[in-house]
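A.B. asks: Just one file: model.csv, with CSV, C-alpha atoms.
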chain,number,residue,atom,x,y,z
X,1,MET,CA,10.0,45.8,-202.3
X,2,LYS,CA,11.4,43.0,-200.2
X,3,PRO,CA,9.6,40.1,-198.3
X,4,GLU,CA,9.7,40.4,-194.6
X,5,ALA,CA,11.2,36.9,-194.1
X,6,SER,CA,11.5,33.5,-195.7
X,7,LYS,CA,11.4,29.9,-194.6
X,8,GLU,CA,14.6,28.6,-193.0
X,9,SER,CA,15.7,25.0,-193.4
X,10,VAL,CA,18.9,23.9,-191.6
X,11,MET,CA,17.8,22.4,-188.2
X,12,PRO,CA,15.8,19.2,-188.8
X,13,GLN,CA,12.1,20.0,-189.0
X,14,ARG,CA,9.1,19.1,-191.0
X,15,SER,CA,9.1,20.7,-194.5
X,16,HIS,CA,6.6,23.4,-195.4
X,17,LYS,CA,4.6,21.0,-197.5
X,18,GLU,CA,4.4,18.4,-194.7
X,19,TYR,CA,3.2,21.0,-192.2
X,20,ASP,CA,-0.5,21.4,-192.4
X,21,PHE,CA,-0.9,24.9,-190.9
X,22,PHE,CA,-4.7,24.9,-191.2
X,23,LYS,CA,-5.0,21.6,-189.5
X,24,VAL,CA,-3.0,23.0,-186.6
X,25,VAL,CA,-5.4,25.9,-186.3
X,26,GLN,CA,-8.4,23.6,-186.4
X,27,ASP,CA,-6.8,21.6,-183.6
X,28,TYR,CA,-6.5,24.8,-181.5
X,29,LEU,CA,-10.2,25.5,-182.2
X,30,ASP,CA,-11.1,22.0,-181.0
X,31,ARG,CA,-9.1,22.4,-177.8
X,32,ALA,CA,-10.6,25.9,-177.1
X,33,ALA,CA,-14.1,24.6,-177.8
X,34,LYS,CA,-13.7,21.9,-175.2
X,35,ALA,CA,-12.2,24.3,-172.7
X,36,ILE,CA,-15.2,26.6,-172.8
X,37,ASN,CA,-17.9,24.1,-173.6
X,38,LEU,CA,-18.7,25.8,-176.9
X,39,GLU,CA,-21.9,24.9,-178.6
X,40,PRO,CA,-21.2,22.2,-181.3
X,41,TYR,CA,-23.0,24.2,-184.0
X,42,VAL,CA,-20.8,27.3,-183.3
X,43,GLN,CA,-17.7,25.2,-183.6
X,44,THR,CA,-18.9,23.7,-186.9
X,45,ILE,CA,-19.5,27.2,-188.3
X,46,LEU,CA,-16.1,28.4,-187.2
X,47,SER,CA,-14.2,25.3,-188.4
X,48,GLN,CA,-14.2,26.5,-192.1
X,49,PRO,CA,-14.0,29.9,-193.8
X,50,LYS,CA,-17.2,31.3,-195.3
X,51,ASN,CA,-15.5,32.0,-198.6
X,52,GLU,CA,-12.4,30.7,-200.4
X,53,ILE,CA,-11.6,32.8,-203.5
X,54,ILE,CA,-8.9,31.6,-206.0
X,55,ILE,CA,-8.0,33.8,-208.9
X,56,ASN,CA,-5.7,33.0,-211.8
X,57,PHE,CA,-4.9,36.3,-213.5
X,58,PRO,CA,-2.6,37.2,-216.4
X,59,VAL,CA,0.0,40.0,-216.2
X,60,ARG,CA,2.3,41.3,-219.0
X,61,MET,CA,5.9,41.3,-217.8
X,62,ASP,CA,8.6,43.8,-218.8
X,63,ASN,CA,9.9,41.5,-221.5
X,64,GLY,CA,6.5,41.2,-223.2
X,65,GLU,CA,5.8,37.7,-221.8
X,66,VAL,CA,2.3,37.1,-220.3
X,67,ARG,CA,2.6,35.3,-217.0
X,68,LEU,CA,-0.2,33.7,-215.1
X,69,PHE,CA,-0.3,34.4,-211.3
X,70,LYS,CA,-2.4,32.6,-208.7
X,71,GLY,CA,-4.0,34.8,-206.0
X,72,TYR,CA,-6.1,34.0,-203.0
X,73,ARG,CA,-8.6,35.7,-200.7
X,74,VAL,CA,-10.1,33.7,-197.8
X,75,GLN,CA,-12.9,35.2,-195.8
X,76,HIS,CA,-13.3,33.3,-192.6
X,77,ASN,CA,-16.0,35.0,-190.6
X,78,ASN,CA,-17.7,38.5,-190.5
X,79,LEU,CA,-20.2,38.2,-187.7
X,80,LEU,CA,-18.4,41.0,-185.7
X,81,GLY,CA,-17.7,43.2,-188.7
X,82,PRO,CA,-16.1,43.3,-192.2
X,83,PHE,CA,-13.5,40.7,-193.0
X,84,LYS,CA,-10.1,42.1,-192.2
X,85,GLY,CA,-6.6,40.8,-192.9
X,86,GLY,CA,-3.3,41.1,-194.8
X,87,ILE,CA,-2.2,40.4,-198.3
X,88,ARG,CA,0.9,38.2,-198.5
X,89,TYR,CA,3.3,38.1,-201.5
X,90,HIS,CA,5.5,35.0,-201.1
X,91,SER,CA,6.6,32.0,-203.1
X,92,SER,CA,5.2,29.6,-200.4
X,93,VAL,CA,1.7,31.0,-200.3
X,94,THR,CA,-0.9,28.2,-200.4
X,95,LEU,CA,-4.7,28.0,-199.9
X,96,ASP,CA,-4.4,26.1,-196.7
X,97,ASP,CA,-2.0,28.6,-195.2
X,98,VAL,CA,-4.2,31.5,-196.1
X,99,LYS,CA,-7.2,29.7,-194.6
X,100,ALA,CA,-5.2,29.2,-191.3
X,101,LEU,CA,-4.1,32.9,-191.2
X,102,ALA,CA,-7.7,34.1,-192.0
X,103,SER,CA,-9.0,32.0,-189.1
X,104,MET,CA,-6.4,33.5,-186.8
X,105,MET,CA,-7.5,37.0,-187.8
X,106,THR,CA,-11.0,36.1,-186.6
X,107,TRP,CA,-9.6,35.1,-183.2
X,108,LYS,CA,-7.4,38.1,-182.9
X,109,ALA,CA,-10.1,40.7,-183.7
X,110,ALA,CA,-12.6,38.9,-181.3
X,111,LEU,CA,-10.0,38.7,-178.4
X,112,MET,CA,-9.3,42.5,-178.8
X,113,ARG,CA,-13.0,43.3,-179.0
X,114,LEU,CA,-12.5,44.9,-182.4
X,115,PRO,CA,-15.5,45.2,-184.8
X,116,TYR,CA,-13.9,43.1,-187.5
X,117,GLY,CA,-13.9,39.6,-188.8
X,118,GLY,CA,-11.1,37.5,-190.2
X,119,GLY,CA,-9.7,37.4,-193.7
X,120,LYS,CA,-6.4,36.9,-195.4
X,121,GLY,CA,-5.1,36.9,-199.0
X,122,GLY,CA,-2.0,36.5,-201.0
X,123,ILE,CA,-0.3,35.8,-204.3
X,124,LYS,CA,2.1,32.9,-204.8
X,125,PHE,CA,5.3,34.5,-206.2
X,126,ASP,CA,8.6,36.1,-205.1
X,127,PRO,CA,8.1,39.9,-205.0
X,128,THR,CA,11.9,40.4,-205.1
X,129,SER,CA,12.1,38.6,-208.5
X,130,VAL,CA,10.1,41.3,-210.4
X,131,SER,CA,10.6,44.9,-211.2
X,132,ARG,CA,8.6,47.7,-209.5
X,133,GLY,CA,6.6,48.2,-212.6
X,134,GLU,CA,5.7,44.5,-212.8
X,135,LEU,CA,4.9,44.5,-209.0
X,136,GLN,CA,2.5,47.4,-209.6
X,137,ARG,CA,0.8,45.6,-212.5
X,138,ILE,CA,0.5,42.4,-210.5
X,139,THR,CA,-1.1,44.2,-207.6
X,140,ARG,CA,-3.5,46.2,-209.7
X,141,ARG,CA,-4.6,43.2,-211.8
X,142,PHE,CA,-5.1,41.1,-208.7
X,143,THR,CA,-7.2,43.9,-207.1
X,144,HIS,CA,-9.3,44.3,-210.2
X,145,ALA,CA,-9.9,40.6,-210.4
X,146,LEU,CA,-11.1,40.6,-206.8
X,147,GLY,CA,-13.6,43.2,-207.7
X,148,GLU,CA,-16.5,43.5,-205.3
X,149,ASN,CA,-15.1,40.7,-203.1
X,150,ILE,CA,-13.3,43.5,-201.2
X,151,GLY,CA,-14.7,46.8,-200.0
X,152,PRO,CA,-14.6,49.2,-196.9
X,153,ASP,CA,-17.8,47.7,-195.5
X,154,TYR,CA,-17.2,44.1,-196.6
X,155,ASP,CA,-13.5,43.0,-196.7
X,156,ILE,CA,-10.5,45.2,-195.9
X,157,PRO,CA,-7.0,44.1,-197.0
X,158,ALA,CA,-3.8,45.2,-195.2
X,159,PRO,CA,0.0,44.8,-195.6
X,160,ASP,CA,1.6,41.5,-194.7
X,161,MET,CA,4.8,39.7,-195.7
X,162,GLY,CA,6.1,41.0,-199.0
X,163,THR,CA,3.7,43.9,-199.1
X,164,ASN,CA,3.8,47.4,-197.7
X,165,ALA,CA,2.2,50.9,-197.8
X,166,GLN,CA,2.9,51.3,-201.5
X,167,THR,CA,1.1,48.0,-202.3
X,168,MET,CA,-1.9,49.2,-200.4
X,169,ALA,CA,-1.9,52.5,-202.3
X,170,TRP,CA,-2.0,50.6,-205.6
X,171,MET,CA,-4.8,48.4,-204.3
X,172,MET,CA,-6.8,51.5,-203.0
X,173,ASP,CA,-6.3,53.4,-206.3
X,174,THR,CA,-7.4,50.4,-208.4
X,175,TYR,CA,-10.5,49.8,-206.3
X,176,ALA,CA,-11.3,53.6,-206.3
X,177,ASN,CA,-11.3,53.5,-210.1
X,178,MET,CA,-13.8,50.6,-210.1
X,179,VAL,CA,-16.5,52.7,-208.4
X,180,GLY,CA,-18.4,55.7,-209.5
X,181,ALA,CA,-16.7,59.1,-209.5
X,182,GLY,CA,-18.8,60.3,-206.6
X,183,ASN,CA,-17.5,57.5,-204.4
X,184,LYS,CA,-13.7,57.8,-205.0
X,185,GLN,CA,-13.0,59.5,-201.7
X,186,SER,CA,-15.4,57.5,-199.6
X,187,VAL,CA,-13.8,54.1,-200.5
X,188,LYS,CA,-10.3,54.9,-199.1
X,189,GLY,CA,-11.1,52.6,-196.2
X,190,VAL,CA,-10.9,49.6,-198.6
X,191,VAL,CA,-7.4,49.0,-197.2
X,192,THR,CA,-5.4,49.9,-194.1
X,193,GLY,CA,-1.7,50.3,-193.9
X,194,LYS,CA,-1.6,52.8,-196.8
X,195,PRO,CA,0.7,55.9,-196.9
X,196,ILE,CA,-0.2,58.9,-194.7
X,197,ALA,CA,-0.7,61.0,-197.8
X,198,SER,CA,-3.3,58.6,-199.1
X,199,GLY,CA,-5.3,58.6,-195.8
X,200,GLY,CA,-3.1,56.2,-193.8
X,201,THR,CA,-2.6,56.2,-190.0
X,202,LEU,CA,0.5,57.5,-188.2
X,203,GLY,CA,2.4,54.7,-186.5
X,204,ARG,CA,0.9,52.0,-188.6
X,205,ASN,CA,4.2,50.9,-190.1
X,206,LYS,CA,5.8,50.0,-186.7
X,207,ALA,CA,2.5,48.9,-185.1
X,208,THR,CA,3.1,45.1,-184.9
X,209,GLY,CA,6.6,45.6,-183.5
X,210,GLN,CA,5.3,48.2,-181.1
X,211,GLY,CA,2.7,45.7,-179.9
X,212,MET,CA,5.4,43.1,-179.2
X,213,VAL,CA,7.2,45.7,-177.1
X,214,TYR,CA,4.1,46.5,-175.1
X,215,CYS,CA,3.8,42.7,-174.3
X,216,ILE,CA,7.4,42.4,-173.4
X,217,VAL,CA,7.2,45.5,-171.1
X,218,GLU,CA,4.2,44.1,-169.3
X,219,TRP,CA,5.9,40.7,-168.9
X,220,ALA,CA,8.9,42.4,-167.4
X,221,LYS,CA,6.8,44.2,-164.9
X,222,ALA,CA,4.9,41.1,-163.9
X,223,ASN,CA,8.1,39.1,-163.5
X,224,ASP,CA,10.2,41.9,-161.9
X,225,PHE,CA,12.6,41.7,-164.8
X,226,ASN,CA,14.9,44.6,-165.7
X,227,LEU,CA,15.0,45.2,-169.4
X,228,GLN,CA,18.0,47.5,-169.2
X,229,GLY,CA,21.0,45.3,-170.2
X,230,ALA,CA,18.8,42.4,-171.4
X,231,THR,CA,19.6,40.5,-174.6
X,232,MET,CA,17.5,39.3,-177.5
X,233,THR,CA,17.6,37.2,-180.6
X,234,VAL,CA,15.3,38.0,-183.6
X,235,GLN,CA,14.3,35.7,-186.5
X,236,GLY,CA,13.1,37.7,-189.4
X,237,PHE,CA,14.3,41.3,-189.6
X,238,GLY,CA,11.6,42.8,-191.8
X,239,ASN,CA,8.9,45.3,-190.7
X,240,VAL,CA,7.9,43.4,-187.6
X,241,GLY,CA,11.2,42.1,-186.2
X,242,SER,CA,13.2,45.2,-187.0
X,243,HIS,CA,10.8,47.7,-185.4
X,244,CYS,CA,10.6,45.5,-182.3
X,245,ALA,CA,14.4,45.5,-182.0
X,246,VAL,CA,14.8,49.2,-182.7
X,247,ILE,CA,12.2,50.2,-180.1
X,248,LEU,CA,13.6,47.8,-177.5
X,249,SER,CA,17.1,49.2,-178.0
X,250,ARG,CA,15.8,52.4,-176.6
X,251,LEU,CA,14.8,50.5,-173.5
X,252,GLY,CA,18.3,49.0,-173.1
X,253,VAL,CA,17.7,45.7,-174.8
X,254,SER,CA,20.6,44.5,-177.0
X,255,THR,CA,19.9,42.4,-180.1
X,256,ILE,CA,22.8,39.8,-180.2
X,257,ALA,CA,21.7,37.6,-183.0
X,258,VAL,CA,19.4,37.9,-186.1
X,259,GLY,CA,18.4,35.6,-188.9
X,260,ASP,CA,16.3,35.6,-192.1
X,261,HIS,CA,16.0,33.6,-195.3
X,262,SER,CA,19.6,34.7,-196.2
X,263,GLY,CA,21.3,33.3,-193.1
X,264,TYR,CA,22.1,34.1,-189.5
X,265,LEU,CA,24.4,36.6,-187.8
X,266,SER,CA,25.6,37.1,-184.2
X,267,ASN,CA,27.2,40.0,-182.4
X,268,PRO,CA,27.8,39.5,-178.7
X,269,GLU,CA,28.2,43.3,-178.3
X,270,GLY,CA,24.8,43.9,-179.8
X,271,PHE,CA,23.8,45.1,-183.3
X,272,ASN,CA,23.2,48.7,-184.2
X,273,THR,CA,19.5,47.9,-185.0
X,274,HIS,CA,18.9,51.2,-186.8
X,275,LYS,CA,21.8,50.5,-189.3
X,276,LEU,CA,20.8,46.9,-189.7
X,277,GLN,CA,17.2,48.0,-190.4
X,278,GLU,CA,18.4,50.4,-193.1
X,279,HIS,CA,20.6,47.6,-194.6
X,280,VAL,CA,17.6,45.3,-194.8
X,281,ALA,CA,15.5,48.0,-196.4
X,282,ARG,CA,18.1,48.6,-199.0
X,283,ASN,CA,19.1,45.0,-199.7
X,284,GLY,CA,16.1,42.9,-198.8
X,285,SER,CA,17.9,40.8,-196.2
X,286,ILE,CA,20.6,40.8,-193.6
X,287,LYS,CA,23.1,39.3,-196.0
X,288,GLY,CA,26.2,41.3,-196.4
X,289,TYR,CA,25.8,43.3,-193.2
X,290,PRO,CA,29.3,43.9,-191.9
X,291,GLY,CA,28.5,44.1,-188.2
X,292,GLY,CA,28.0,40.5,-187.4
X,293,LYS,CA,29.5,37.0,-187.6
X,294,ALA,CA,27.9,34.3,-189.7
X,295,ILE,CA,26.4,31.4,-187.6
X,296,THR,CA,24.3,28.4,-188.5
X,297,ARG,CA,20.6,28.1,-187.8
X,298,GLU,CA,21.3,25.5,-185.1
X,299,GLU,CA,23.8,27.9,-183.4
X,300,PHE,CA,21.2,30.7,-183.6
X,301,PHE,CA,18.5,28.7,-181.8
X,302,SER,CA,21.1,27.5,-179.1
X,303,LEU,CA,22.3,31.0,-178.2
X,304,LYS,CA,21.7,32.1,-174.6
X,305,ALA,CA,19.6,35.3,-174.4
X,306,ASP,CA,16.8,36.7,-172.4
X,307,ILE,CA,14.2,37.1,-175.2
X,308,PHE,CA,13.6,35.4,-178.5
X,309,ALA,CA,11.4,37.1,-181.0
X,310,PRO,CA,10.3,34.9,-184.0
X,311,SER,CA,9.1,37.3,-186.6
X,312,ALA,CA,9.4,35.3,-189.8
X,313,LEU,CA,7.1,32.6,-191.2
X,314,GLU,CA,5.0,30.0,-189.4
X,315,ASN,CA,6.4,26.6,-188.5
X,316,GLN,CA,9.8,27.8,-187.2
X,317,ILE,CA,9.9,26.5,-183.6
X,318,GLY,CA,9.6,22.8,-183.8
X,319,GLU,CA,10.5,20.3,-181.1
X,320,ALA,CA,14.3,20.5,-181.8
X,321,GLU,CA,14.3,24.3,-181.8
X,322,ALA,CA,12.2,24.4,-178.6
X,323,LYS,CA,14.7,22.1,-176.8
X,324,ALA,CA,17.6,24.1,-178.1
X,325,LEU,CA,16.3,27.5,-177.0
X,326,ASP,CA,18.0,29.0,-173.9
X,327,VAL,CA,15.8,32.1,-173.3
X,328,ARG,CA,13.4,33.3,-170.6
X,329,LEU,CA,10.7,34.6,-173.0
X,330,VAL,CA,9.5,33.8,-176.5
X,331,VAL,CA,7.4,36.7,-177.9
X,332,GLU,CA,5.7,35.7,-181.2
X,333,GLY,CA,5.8,38.4,-183.8
X,334,ALA,CA,5.0,35.9,-186.6
X,335,ASN,CA,1.7,34.2,-187.2
X,336,GLY,CA,1.9,30.7,-185.7
X,337,PRO,CA,5.7,30.3,-185.5
X,338,THR,CA,5.5,27.5,-182.9
X,339,THR,CA,4.4,24.0,-183.9
X,340,PRO,CA,2.2,22.0,-181.5
X,341,ALA,CA,5.3,19.8,-180.8
X,342,GLY,CA,7.4,22.9,-180.2
X,343,GLU,CA,4.8,24.3,-177.9
Could you render the structure from this file as structure tokens?

C.D. replies:
Amino acid sequence: MKPEASKESVMPQRSHKEYDFFKVVQDYLDRAAKAINLEPYVQTILSQPKNEIIINFPVRMDNGEVRLFKGYRVQHNNLLGPFKGGIRYHSSVTLDDVKALASMMTWKAALMRLPYGGGKGGIKFDPTSVSRGELQRITRRFTHALGENIGPDYDIPAPDMGTNAQTMAWMMDTYANMVGAGNKQSVKGVVTGKPIASGGTLGRNKATGQGMVYCIVEWAKANDFNLQGATMTVQGFGNVGSHCAVILSRLGVSTIAVGDHSGYLSNPEGFNTHKLQEHVARNGSIKGYPGGKAITREEFFSLKADIFAPSALENQIGEAEAKALDVRLVVEGANGPTTPAGE
């Protein structure tokens, strides 16, 4: 299993540690509250998550060593329905980041009138550095440690960066074995994004990328813009960015540059997005793909294109990147990729 994207660091910007993602989200809440004259007590309630769960849990690795992992589950708000949000496996996972992402899940569900609240979780480690067996044990041990803090009517995890349908199947199976035998089938809703054979939903894997495409198509209609022959650059070519690029290729949009934690590639003629997607699925990154020329991060952000789709980590488009961009549209597939200065 490979992470969807990693943090980049060539063009000058604030480092991950210096960037307080949760503070940024709180500032957005302050601005929104003023704009709609929100009752102060409502803003106070929404300013912090209801629950912040930190779990240190041991896992026996393949070499016999017992390693301690730190896991998080933040439950922001559940007034509209069960907490809902992804589980992230990445070496940069922090409590504040998970708090920010959980808050954003609350806003997203509310804006779409979905009967869910906001939640988010994660484990601080690199999923590409462990074996499949170790990954399974880490996931199952984390799920068991969460215990009744998750559930189909209380808190529903989903895939995020570094996790996928298989991760959700392990979580669901572990949770099902924690309840009575008579409830094993009824608790399949404890996670979404699981395999079809385990009760998952058709189209779930490409859903985020498909949602980006819907937004781009509507923007094109509103601006009388012809997508046929348009160009795009994509940062992060995991589940989100790759599906967006593949679907858009059918509409005539050519992806001319891509980037992830392993570097950046350009191809003025346009990448074969299907083959690049397969390469990333096999190798975990765009590194080594023969169909492109290596470029710097700075060159990537300066490339002229019609659309830019940031689909990696947060905090990617700072002031320098925003000034360098030469595109008509930025469609955010990532969570919070644009800093306030970049915005």

A.B. asks: Sort by chain and increasing residue number a table of all residues of range 117-137 of chain X within 6 Å of range 59-81 of chain X, each with its closest pair of atoms and their distance in Å to one decimal, counting all atoms listed in the file, and write it as CSV.

C.D. replies:
residue,atom,partner,partner_atom,distance
X:Gly117,CA,X:Asn78,CA,4.3
X:Gly118,CA,X:His76,CA,5.3
X:Gly119,CA,X:Gln75,CA,4.4
X:Lys120,CA,X:Val74,CA,5.4
X:Gly121,CA,X:Arg73,CA,4.1
X:Gly122,CA,X:Tyr72,CA,5.2
X:Ile123,CA,X:Gly71,CA,4.2
X:Lys124,CA,X:Lys70,CA,6.0
X:Glu134,CA,X:Met61,CA,5.9

A.B. asks: Tell me which protein, DNA and RNA residues are within 6 Å of range 154-166 of chain X, counting only C-alpha atoms, leaving out same-chain ones fewer than 2 positions away, and put them as a list in words.

C.D. replies: Lys2, Pro3, Glu4, Pro82, Phe83, Lys84, Gly85, Gly86, Ile87, Arg88, Tyr89, Ile150, Gly151, Pro152, Met168, Ala169, Val190, Val191, Thr192, Gly193, Lys194 and Pro195 of chain X

A.B. asks: Write a file of the selected residues as a PDB file, in the coordinates of the input, keeping C-alpha atoms.

C.D. replies:
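Listed below is the output, again_32.pdb:
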ATOM      1  CA  LYS X   2      11.400  43.000-200.200  1.00  0.00           C
ATOM      2  CA  PRO X   3       9.600  40.100-198.300  1.00  0.00           C
ATOM      3  CA  GLU X   4       9.700  40.400-194.600  1.00  0.00           C
ATOM      4  CA  PRO X  82     -16.100  43.300-192.200  1.00  0.00           C
ATOM      5  CA  PHE X  83     -13.500  40.700-193.000  1.00  0.00           C
ATOM      6  CA  LYS X  84     -10.100  42.100-192.200  1.00  0.00           C
ATOM      7  CA  GLY X  85      -6.600  40.800-192.900  1.00  0.00           C
ATOM      8  CA  GLY X  86      -3.300  41.100-194.800  1.00  0.00           C
ATOM      9  CA  ILE X  87      -2.200  40.400-198.300  1.00  0.00           C
ATOM     10  CA  ARG X  88       0.900  38.200-198.500  1.00  0.00           C
ATOM     11  CA  TYR X  89       3.300  38.100-201.500  1.00  0.00           C
ATOM     12  CA  ILE X 150     -13.300  43.500-201.200  1.00  0.00           C
ATOM     13  CA  GLY X 151     -14.700  46.800-200.000  1.00  0.00           C
ATOM     14  CA  PRO X 152     -14.600  49.200-196.900  1.00  0.00           C
ATOM     15  CA  MET X 168      -1.900  49.200-200.400  1.00  0.00           C
ATOM     16  CA  ALA X 169      -1.900  52.500-202.300  1.00  0.00           C
ATOM     17  CA  VAL X 190     -10.900  49.600-198.600  1.00  0.00           C
ATOM     18  CA  VAL X 191      -7.400  49.000-197.200  1.00  0.00           C
ATOM     19  CA  THR X 192      -5.400  49.900-194.100  1.00  0.00           C
ATOM     20  CA  GLY X 193      -1.700  50.300-193.900  1.00  0.00           C
ATOM     21  CA  LYS X 194      -1.600  52.800-196.800  1.00  0.00           C
ATOM     22  CA  PRO X 195       0.700  55.900-196.900  1.00  0.00           C
TER      23      PRO X 195
END

A.B. asks: Using all atoms listed in the file, which residues sit within 12 Å of Glu299 in chain X once same-chain residues fewer than 3 positions away are excluded, as JSON, numbers by chain?

C.D. replies: {"X": [10, 11, 233, 257, 258, 259, 263, 264, 265, 266, 293, 294, 295, 296, 302, 303, 304, 321, 324, 325, 326]}

A.B. asks: For Lys287 in chain X, which residue out of X:Trp219, X:Phe142, X:Phe237, X:Tyr28 is the nearest one, using only C-alpha atoms?

C.D. replies: X:Phe237

A.B. asks: Choose the residue, out of X:Thr174, X:Ser311, X:Ser186, X:Thr208, that has the smallest atom-to-atom separation from Arg140 in chain X; count all atoms listed in the file.

C.D. replies: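 Ranking X:Thr174, X:Ser311, X:Ser186, X:Thr208 by distance to Arg140 in chain X, first place goes to X:Thr174.
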
A.B. asks: Neighbours of Tyr19 in chain X within 12 Å (only C-alpha atoms; same-chain residues fewer than 4 positions away dropped), as an MDAnalysis selection string?

C.D. replies: chainID X and resid 13:15 23:25 94 96:97 100 314:316 318 336:341

A.B. asks: Store the residues of this selection in a file with C-alpha atoms, as an mmCIF file, in the coordinates of the input.

C.D. replies:
data_model
loop_
_atom_site.group_PDB
_atom_site.id
_atom_site.type_symbol
_atom_site.label_atom_id
_atom_site.label_comp_id
_atom_site.auth_asym_id
_atom_site.auth_seq_id
_atom_site.Cartn_x
_atom_site.Cartn_y
_atom_site.Cartn_z
ATOM 1 C CA GLN X 13 12.100 20.000 -189.000
ATOM 2 C CA ARG X 14 9.100 19.100 -191.000
ATOM 3 C CA SER X 15 9.100 20.700 -194.500
ATOM 4 C CA LYS X 23 -5.000 21.600 -189.500
ATOM 5 C CA VAL X 24 -3.000 23.000 -186.600
ATOM 6 C CA VAL X 25 -5.400 25.900 -186.300
ATOM 7 C CA THR X 94 -0.900 28.200 -200.400
ATOM 8 C CA ASP X 96 -4.400 26.100 -196.700
ATOM 9 C CA ASP X 97 -2.000 28.600 -195.200
ATOM 10 C CA ALA X 100 -5.200 29.200 -191.300
ATOM 11 C CA GLU X 314 5.000 30.000 -189.400
ATOM 12 C CA ASN X 315 6.400 26.600 -188.500
ATOM 13 C CA GLN X 316 9.800 27.800 -187.200
ATOM 14 C CA GLY X 318 9.600 22.800 -183.800
ATOM 15 C CA GLY X 336 1.900 30.700 -185.700
ATOM 16 C CA PRO X 337 5.700 30.300 -185.500
ATOM 17 C CA THR X 338 5.500 27.500 -182.900
ATOM 18 C CA THR X 339 4.400 24.000 -183.900
ATOM 19 C CA PRO X 340 2.200 22.000 -181.500
ATOM 20 C CA ALA X 341 5.300 19.800 -180.800
#

A.B. asks: Using all atoms listed in the file, what residues lie at most 12 Å away from (17.1, 51.5, -190.6) (file coordinates), given as a VMD selection string?

C.D. replies: chain X and resid 237 to 239 241 to 243 245 to 247 271 to 284 286

A.B. asks: Do you have the CA of Thr139 in chain X-CA of Ile53 in chain X distance handy?

C.D. replies: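 Computing it gives 16.0 Å between the two atoms.
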
A.B. asks: For each of X:Ala197, X:Ala305, X:Val98, X:Cys215, take the minimum atom-to-atom distance to Val234 in chain X, counting all atoms listed in the file, then give the residue where this is smallest.

C.D. replies: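 Counting all atoms listed in the file, the residue closest to Val234 in chain X is X:Ala305.
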
A.B. asks: Please indicate the distance in Å from CA of Gly270 in chain X to CA of Ser249 in chain X, rounded to one decimal place.

C.D. replies: 9.5 Å

A.B. asks: Counting only C-alpha atoms, note down every residue that has an atom within 10 Å of the point (14.9, 50.9, -172.5) (file coordinates), as a list in words.

C.D. replies: Val217, Asn226, Leu227, Gln228, Gly229, Ala230, Ile247, Leu248, Ser249, Arg250, Leu251, Gly252, Val253 and Ser254 of chain X

A.B. asks: Supply range 312-320 of chain X as a short mmCIF file (atom, residue, chain, number, x, y, z; two decimals), keeping the file's coordinate frame, with N, CA, C and O atoms built in where the input has gaps.

C.D. replies:
data_model
loop_
_atom_site.label_atom_id
_atom_site.label_comp_id
_atom_site.auth_asym_id
_atom_site.auth_seq_id
_atom_site.Cartn_x
_atom_site.Cartn_y
_atom_site.Cartn_z
N ALA X 312 9.31 35.72 -188.42
CA ALA X 312 9.40 35.30 -189.80
C ALA X 312 8.12 34.55 -190.21
O ALA X 312 7.03 34.99 -189.90
N LEU X 313 8.27 33.41 -190.85
CA LEU X 313 7.10 32.60 -191.20
C LEU X 313 6.64 31.71 -190.12
O LEU X 313 7.27 31.61 -189.07
N GLU X 314 5.52 31.02 -190.36
CA GLU X 314 5.00 30.00 -189.40
C GLU X 314 5.93 28.80 -189.43
O GLU X 314 6.82 28.68 -190.27
N ASN X 315 5.70 27.89 -188.48
CA ASN X 315 6.40 26.60 -188.50
C ASN X 315 7.89 26.72 -188.32
O ASN X 315 8.65 26.04 -189.00
N GLN X 316 8.35 27.58 -187.43
CA GLN X 316 9.80 27.80 -187.20
C GLN X 316 10.32 27.12 -185.96
O GLN X 316 11.45 26.68 -185.91
N ILE X 317 9.50 27.08 -184.91
CA ILE X 317 9.90 26.50 -183.60
C ILE X 317 9.31 25.13 -183.49
O ILE X 317 8.18 24.99 -183.02
N GLY X 318 10.03 24.13 -183.94
CA GLY X 318 9.60 22.80 -183.80
C GLY X 318 10.14 22.19 -182.47
O GLY X 318 10.67 22.92 -181.63
N GLU X 319 10.05 20.89 -182.30
CA GLU X 319 10.50 20.30 -181.10
C GLU X 319 12.03 20.47 -180.88
O GLU X 319 12.49 20.80 -179.77
N ALA X 320 12.81 20.32 -181.96
CA ALA X 320 14.30 20.50 -181.80
C ALA X 320 14.64 21.89 -181.46
O ALA X 320 15.50 22.12 -180.60
#
